[in-house]
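Enquirer: This is run.txt (compact mmCIF, C-alpha atoms).
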# COMPACT_ATOMS: atom_id res chain seq x y z
CA MET A 1 52.71 7.23 -72.92
CA PHE A 2 52.68 6.26 -69.29
CA ASN A 3 55.91 5.87 -67.60
CA LEU A 4 56.55 3.92 -64.46
CA LYS A 5 56.63 7.04 -62.26
CA ASN A 6 53.17 8.09 -63.37
CA LYS A 7 51.81 4.59 -62.76
CA LYS A 8 53.16 4.57 -59.23
CA LEU A 9 51.77 8.06 -58.57
CA ILE A 10 48.34 7.13 -59.87
CA THR A 11 48.36 3.90 -57.86
CA VAL A 12 49.41 5.65 -54.63
CA THR A 13 46.92 8.47 -55.19
CA SER A 14 44.13 6.00 -55.91
CA PHE A 15 45.00 4.02 -52.81
CA ILE A 16 45.00 7.16 -50.63
CA LEU A 17 41.66 8.32 -52.09
CA ALA A 18 40.15 4.87 -51.52
CA LEU A 19 41.44 4.89 -47.95
CA VAL A 20 40.03 8.38 -47.26
CA LEU A 21 36.66 7.44 -48.80
CA THR A 22 36.52 4.22 -46.78
CA ALA A 23 37.37 6.07 -43.55
CA GLY A 24 34.68 8.70 -44.32
CA VAL A 25 32.03 6.06 -44.98
CA ALA A 26 33.01 4.14 -41.83
CA TYR A 27 32.89 7.31 -39.71
CA ALA A 28 29.47 8.23 -41.12
CA ALA A 29 28.17 4.73 -40.43
CA LEU A 30 29.42 4.76 -36.82
CA THR A 31 28.38 8.31 -35.94
CA GLY A 32 24.83 9.18 -34.95
CA VAL A 33 22.53 10.50 -32.25
CA LEU A 34 20.91 8.14 -29.80
CA THR A 35 17.63 9.39 -28.34
CA VAL A 36 16.02 7.60 -25.42
CA GLU A 37 12.45 8.39 -24.46
CA GLY A 38 10.47 6.95 -21.59
CA ASN A 39 7.74 7.50 -19.04
CA VAL A 40 8.12 7.32 -15.28
CA ASN A 41 5.27 6.89 -12.82
CA LEU A 42 5.92 8.40 -9.37
CA ASP A 43 3.53 6.41 -7.25
CA GLY A 44 4.64 7.32 -3.73
CA ASN A 45 2.00 8.62 -1.37
CA LEU A 46 2.22 11.03 1.54
CA ALA A 47 -0.04 10.15 4.46
CA LEU A 48 0.30 10.76 8.18
CA THR A 49 -2.21 9.57 10.73
CA TRP A 50 -2.73 9.69 14.49
CA GLU A 51 -2.74 6.78 16.85
CA TYR A 52 -3.87 7.11 20.43
CA ILE A 53 -1.64 5.28 22.89
CA GLY A 54 -3.26 6.37 26.14
CA GLN A 55 -3.23 8.70 29.05
CA VAL A 56 0.01 8.82 30.99
CA GLU A 57 -1.98 7.99 34.14
CA PRO A 58 -3.74 4.61 34.07
CA ASP A 59 -7.55 4.51 33.89
CA GLY A 60 -7.64 7.62 31.74
CA PRO A 61 -10.18 8.49 29.06
CA GLY A 62 -10.25 6.65 25.78
CA GLY A 63 -9.21 8.03 22.46
CA VAL A 64 -10.87 7.31 19.14
CA VAL A 65 -9.20 7.88 15.78
CA SER A 66 -11.37 8.53 12.73
CA VAL A 67 -11.39 6.00 9.92
CA ASP A 68 -9.17 8.25 7.77
CA GLY A 69 -6.74 8.66 10.68
CA GLN A 70 -6.79 12.45 10.48
CA THR A 71 -8.91 13.21 13.55
CA LEU A 72 -8.30 12.13 17.12
CA THR A 73 -11.15 12.42 19.61
CA ILE A 74 -10.49 12.10 23.34
CA ASN A 75 -13.65 12.09 25.41
CA ASP A 76 -14.76 12.29 29.01
CA PHE A 77 -11.94 13.56 31.14
CA ASP A 78 -12.24 16.07 33.95
CA LEU A 79 -10.11 18.98 35.03
CA ASN A 80 -11.23 19.94 38.52
CA GLN A 81 -9.55 23.30 39.08
CA PRO A 82 -7.33 25.83 37.32
CA GLY A 83 -3.86 24.37 36.84
CA ASP A 84 -5.08 20.75 36.54
CA TYR A 85 -3.81 18.98 33.44
CA VAL A 86 -3.87 15.62 31.70
CA GLU A 87 -1.08 14.23 29.53
CA PHE A 88 -1.81 11.99 26.58
CA ASP A 89 0.68 9.85 24.67
CA LEU A 90 0.10 9.96 20.94
CA LEU A 91 1.83 8.42 17.97
CA ILE A 92 2.12 10.00 14.54
CA LEU A 93 2.30 7.21 11.97
CA ASN A 94 3.66 7.50 8.46
CA ASP A 95 1.25 5.36 6.43
CA GLY A 96 2.69 6.65 3.16
CA SER A 97 5.63 5.41 1.16
CA VAL A 98 7.84 8.52 1.36
CA ASP A 99 9.40 10.50 4.18
CA ALA A 100 7.23 13.26 5.60
CA ILE A 101 8.09 16.41 7.45
CA ILE A 102 5.59 18.02 9.81
CA THR A 103 5.84 21.74 9.22
CA GLY A 104 3.20 22.85 11.68
CA ILE A 105 0.50 21.80 14.06
CA THR A 106 -2.75 23.70 14.03
CA TYR A 107 -4.75 23.62 17.19
CA THR A 108 -7.77 25.33 18.60
CA ALA A 109 -9.04 25.25 22.15
CA THR A 110 -12.00 27.01 23.66
CA ALA A 111 -11.23 29.01 26.78
CA PRO A 112 -10.02 28.30 29.38
CA LEU A 113 -8.11 25.32 27.95
CA VAL A 114 -4.40 25.50 27.23
CA LEU A 115 -2.70 22.93 24.99
CA GLY A 116 0.96 22.11 25.23
CA GLY A 117 3.51 19.32 25.46
CA ASP A 118 5.99 17.95 22.96
CA ILE A 119 3.48 18.11 20.15
CA MET A 120 3.12 21.88 20.40
CA ASP A 121 6.85 22.50 20.71
CA ILE A 122 7.87 22.74 17.05
CA VAL A 123 8.33 26.49 16.63
CA GLY A 124 11.44 26.94 14.49
CA ASP A 125 11.81 23.20 14.18
CA VAL A 126 10.12 20.34 12.41
CA ILE A 127 9.14 16.79 13.27
CA THR A 128 10.31 14.26 10.73
CA VAL A 129 8.37 11.04 10.28
CA GLU A 130 10.64 9.01 8.04
CA TRP A 131 9.73 6.05 5.94
CA PRO A 132 10.16 3.13 6.59
CA ASP A 133 10.52 3.88 10.32
CA PHE A 134 6.90 4.98 10.24
CA GLU A 135 6.42 6.71 13.59
CA ASN A 136 7.13 9.54 15.99
CA TYR A 137 5.94 9.66 19.61
CA VAL A 138 4.55 12.89 21.06
CA THR A 139 2.90 14.02 24.28
CA LEU A 140 -0.15 16.25 24.39
CA VAL A 141 -0.89 18.22 27.55
CA VAL A 142 -4.40 19.55 28.05
CA MET A 143 -4.55 22.04 30.93
CA TRP A 144 -7.12 24.24 32.63
CA ASP A 145 -5.48 27.66 32.38
CA PRO A 146 -4.07 28.45 35.85
CA ALA A 147 -4.61 32.17 35.17
CA ASP A 148 -8.37 31.69 34.55
CA GLU A 149 -9.96 34.71 36.24
CA TYR A 150 -13.45 33.37 35.59
CA ALA A 151 -12.97 29.94 37.14
CA ASN A 152 -16.20 30.30 39.13
CA VAL A 153 -18.10 30.88 35.85
CA ASN A 154 -16.28 28.13 33.92
CA VAL A 155 -16.84 25.38 36.51
CA GLY A 156 -19.14 22.68 35.13
CA LYS A 157 -18.76 23.73 31.49
CA ASP A 158 -17.44 21.57 28.68
CA THR A 159 -14.69 22.89 26.45
CA THR A 160 -13.31 21.47 23.23
CA PHE A 161 -10.05 21.34 21.35
CA SER A 162 -8.79 20.05 18.03
CA ILE A 163 -5.37 19.35 16.58
CA SER A 164 -4.34 18.80 12.98
CA LEU A 165 -1.03 18.18 11.29
CA GLU A 166 0.38 20.22 8.43
CA TYR A 167 2.91 18.16 6.53
CA ASN A 168 4.92 18.22 3.32
CA GLY A 169 7.07 15.87 1.32
CA TYR A 170 10.63 15.43 2.44
CA LEU A 171 13.58 14.69 0.21
CA ALA A 172 16.64 13.35 1.95
CA PRO A 173 19.87 15.10 0.94
With the file now loaded, output its structure as structure tokens.
Expert:
Amino acid sequence: MFNLKNKKLITVTSFILALVLTAGVAYAALTGVLTVEGNVNLDGNLALTWEYIGQVEPDGPGGVVSVDGQTLTINDFDLNQPGDYVEFDLLILNDGSVDAIITGITYTATAPLVLGGDIMDIVGDVITVEWPDFENYVTLVVMWDPADEYANVNVGKDTTFSISLEYNGYLAP
């Protein structure tokens, strides 16, 4: 019937099959796909506001910042002749929780006013107001246009100006 050779062959074959089956079951048990799902809340806010520091000359006019910090009003200062100017020190504050980059400054001025200074000098450049440093100092110059050909007509009139910031989020490299 069975000889010793056949018994050894069957035993070895059975052992190899059992080993292969065990390895296959172990591999199947240890192999799988891990999927991780989650939600993230990005709660940072982007908010720049003005702060009025004062006129460069002492005893200058006062500045009032609106409650939302977006509008700066400077009242009651006089320019007596074409070419006269007043410089104001301003601070741009980063009240948000992320860096901000000022991409432009929009300003309007009724004739014959001319606006200038550091704050208007961002053509081709940007002002960065990083968090948590929070601030950037600027100077605003308000001038009676020295080339005003109608100075005799403009004397005694009030003129107005406004300035607003255009800003975007900033991601550090």
Enquirer: Counting all atoms listed in the file, write as a list in words all protein and nucleic acid residues lying at most 7 Å from (-2.6, 11.8, 17.6) in the file's frame.
Expert: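 It turns out the residues near that spot are Trp50, Glu51, Tyr52, Leu72, Leu90, Leu91 and Ile92 of chain A.
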Enquirer: With all atoms of range 27-41 of chain A from the file as input, state the centre and edge lengths in Å to one decimal of the axis-aligned box that has 5 Å extra on each side, as JSON.
Expert:
{"center_x": 19.1, "center_y": 7.6, "center_z": -27.0, "size_x": 37.6, "size_y": 15.8, "size_z": 38.3}
Enquirer: Could you work out how far CA of Ile163 in chain A lies from CA of Gly63 in chain A, giving the answer in Å with one decimal?
Expert: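 CA of Ile163 in chain A lies at a distance of 13.3 Å from CA of Gly63 in chain A.
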Enquirer: Grab the CA of Thr71 in chain A to CA of Ser164 in chain A distance for me, in Å with one decimal place.
Expert: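 It comes out at 7.2 Å.
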Enquirer: Pick from A:Glu149, A:Val142, A:Phe88, A:Leu48: nearest to Ala109 in chain A, with all atoms listed in the file counted?
Expert: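 Selected residue with least distance to Ala109 in chain A: A:Val142.
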Enquirer: With only C-alpha atoms as the atoms that count, which of A:Ile16, A:Thr159, A:Thr22, A:Met143 lies nearest to Asp84 in chain A?
Expert: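 When distances to Asp84 in chain A are compared using only C-alpha atoms, the smallest one comes from A:Met143.
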Enquirer: Check the smallest atom-to-atom distance from each of A:Tyr137, A:Tyr107, A:Trp144, A:Tyr27 to Asn80 in chain A using only C-alpha atoms, then report the winner.
Expert: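 The shortest atom-to-atom distance to Asn80 in chain A comes from A:Trp144.
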Enquirer: Just to confirm, what's the straight-line distance from CA of Glu135 in chain A to CA of Asp118 in chain A in Å (one decimal)?
Expert: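 If I compute the distance from CA of Glu135 in chain A to CA of Asp118 in chain A, I get 14.6 Å.
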Enquirer: Excluding Pro146 in chain A and its own-chain neighbours fewer than 6 positions away, which residues fall within 12 Å of it when counting all atoms listed in the file? Please give them as a list in words.
Expert: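 Listed by chain and then number, they are Leu79, Asn80, Gln81, Pro82, Gly83, Asp84, Tyr85, Ala111, Pro112, Leu113 and Val114 of chain A.
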Enquirer: Considering all atoms listed in the file, can you say which of A:Ala47, A:Val138, A:Ile74, A:Val64 comes closest to Ala100 in chain A?
Expert: A:Ala47
